[in-house]
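One structure is given below, encoded as structure tokens.
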Amino acid sequence: MTMARYVLTLDLGSSGLRAQVVSTERWEVVAGSTRRYRRVRSPGGLAQRFAPTELRRQIIDALAEAIQASNARSEDIETVSIMAQRGGTAFLDHAGTTLYVGPNSDIRAVFEGGAIDDKQGDQVYQTTGHLPSMFFLPAKLHWWQRHRPRIALRTATVASLGGWVAYQLTGDLAETPGTLAELGLADVGTGLPARGLLNRLNVSLSLLPQAITAGEPIGQISAAIASQVGLGAGTQVCLAGPDAQVSLFSTGSTEIGDTAVIAGWSAPVQRVTESPTFDGQRRTWIGRHILEGRWIAEANPGDTGATLDMVRTMLVGHISSPRFSELASSASDDTIPAFAFWGPRALDLSNPGMSVGGLLTPSPITHEGLDPASVARATFENIAFAIHECVELLDEVAVASTRPLSLTGGMSASRFFARLLATTLGRPVLRHDARSSAIGAAIIASVPTEEWRGAVSLFAKRAETVEPTTIDVIEQANRYSRWRRLRERLDALAEEF
């Protein structure tokens with residue numbers, strides 16, 4: 001097998017999409033292009049969708065721009081490898097026309113999902129490894145059947161967001177066991193369609209696309225799109241898998257107990273397990289690893305990067321993320337009175353719920369003073385504490401691990417945050433490139449399956465090891481304990497609020 005010089009990757013994340021050209025000779029990103037989504041929202045805000053034609057245009061433009069910026073020849077790019085946000089969903093009719101395509105933040109099916117969970121919650125969790133149902137395809141289908149019955153009747157096929165994109169590029173539709181599981185359509189243990197559960201939920205198996213393995217070509221890019229993008233005829237398109245799992249894989253987390261934080265818009269904390277590991281209280285999710293014979297236990301602190309962006313904009317306007325990280329690092333460790341409770345915490349994933357939060361400081365704030373650097377640091381610290389909670393939850397639910405924790409995603413670009421996280425956890429943090437998921441997707445698409453583990457392990461050795469210091473660990477452990485106690489008191493105020 002002759003490896004192509006480049007793989008073109010496409011990542012459809014929570015806030016936008018990114019096309020990146022990856023060199024397979026050096027395993028590095030040589031060029032990229034991004035686009036932010038525009039979501040069409042309902043007046044109440046629960047229902048969200050994409051405009052299919054607009055999203056398709058954004059994808060084509062981003063791919064073309066990335067190729068142009070890379071100066072790669074079309075003949076040196078043999079594959080487009082796609083990863084996408086979990087829970088993004090599409091409905092198509094018999095002619096392949098898109099009836100609906102929406103992001104994972106479309107929670108219009110909150111009542112339909114609640115009805116499913118009231119009657120079938122145990123079976124849903126034991127089969128798919130996920131709750132609440134409002135995020136997943138069966139509940140969304142029920143919403144359309146109830147509120148838009150004519151469109152529901154026209155639905156012939158369903159797809160993940162990544163599967164839908166592959167269909168737009170090739171005209172062929174398929175899903176991996178991992179993407180089907182993240183739609184709530186597959187048995188997380190076997191990767192096969194969840195026949196018994198879907199029958200109970202009145203979801204026809206005929207709606208499901210064919211299943212293929214991760215990295216297996218779905219088809220070839222159409223001639224029309226190839227000419228617009230700058231690719232050669234015959235360029236293959238494949239699904240690498242759900243974005244979080246591809247990111248975990250890219251950190252070299254392939255052995256039992258390996259743990260990674262994918263710190264982007266949210267920050268799922270995933271641990272590799274040898275079998276599906278269910279939580280009796282249903283607080284964690286179970287997913288399929290990119291490698292066969294491996295699974296994932298996941299805890300999640302909710303919106304983290306999103307929280308950081310909101311506080312950054314509110315506090316200091318439109319400075320860049322790197323500048324905001326520098327601001328936080330400039331705060332003195334000895335004189336920080338603030339504790340932030342902006343939202344990130346170890347969620348009960350079966351019932352995320354709402355709480356109260358904010359910023360707690362000595363009163364009046366004029367007594368010790370409160371500057372933007374202190375608030376910025378408290379915000380980063382809030383995220384680090386929430387991740388610590390998630391790690392503790394995984395230690396309780398799955399096999400406990402004291403190995404270094406891998407950090408990837410957009411927040412890994414901040415060395416300050418990596419150091420703060422290492423100090424909070426009291427263990428080394430392996431700081432990976434923020435774009436490492438693109439390398440993972442390229443390996444899945446271009447390397448033989450039996451060589452995946454070796455290739456990704458070799459790439460992962462480039463990570464920087466960030467070590468905590470003993471004195472800082474002791475102080476941070478005290479702050480973490482105080483943060484937990486204060487948060488419990490805030491929770492007690494939630495109903496009154």
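Ordering of the structure tokens sets the chain letters (A, B, ...); residue numbers start at 1 within each chain; ligands are numbered from 1 in the order shown.
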
DSSP on the backbone, helix (DSSP H, G or I) only: what residues of stretch 57-262 of chain A does that give? Format it as a PyMOL selection string. chain A and resi 57-70+74-76+110-128+133-135+137-147+149-154+161-170+177-182+195-200+205-207+223-229+243-250

Can you tell me which residues surround A:Arg288 at a distance of at most 7 Å, considering only C-alpha atoms, apart from same-chain residues fewer than 3 positions away, and format the answer as a PyMOL selection string? chain A and resi 178+188+294-296

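With only C-alpha atoms as the atoms that count, the residue of A:Thr423, A:Thr97, A:Ser350, A:Ser266 with the shortest distance to A:Val124 is A:Ser350.
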
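The spacing separating atom CA of A:Leu8 from atom CA of A:Ile77 amounts to 6.8 Å.
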
Looking only at strand (DSSP E) from DSSP on the backbone, list the matching residues of stretch 133-323 of chain A as a ChimeraX atom specification. /A:157-160,174-175,210-211,217-220,236-242,259-262,269-273,285-288,295-299

Tell me, as an MDAnalysis selection string, which residues lie within 10 Å of A:Arg479, counting only C-alpha atoms; anything in the same chain fewer than 5 positions away does not count. chainID A and resid 339 381 385 424 473:474 484:485

Could the residues in this selection be written to a file with C-alpha atoms, as a short mmCIF file (atom, residue, chain, number, x, y, z; two decimals), in the first residue's frame?
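Result file is again13.cif:
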data_model
loop_
_atom_site.label_atom_id
_atom_site.label_comp_id
_atom_site.auth_asym_id
_atom_site.auth_seq_id
_atom_site.Cartn_x
_atom_site.Cartn_y
_atom_site.Cartn_z
CA PHE A 339 -14.21 31.39 43.17
CA GLU A 381 -9.84 27.23 37.64
CA PHE A 385 -12.04 21.81 39.09
CA THR A 424 -5.36 20.57 40.30
CA VAL A 473 -0.65 20.78 44.51
CA ILE A 474 -1.30 21.09 48.25
CA ARG A 484 -16.78 21.76 46.25
CA ARG A 485 -18.21 22.84 49.60
#

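Minimum atom-to-atom distance to A:Ser457, evaluated using only C-alpha atoms, belongs to A:Ser250 out of A:Val101, A:Arg345, A:Ser250, A:Glu54.
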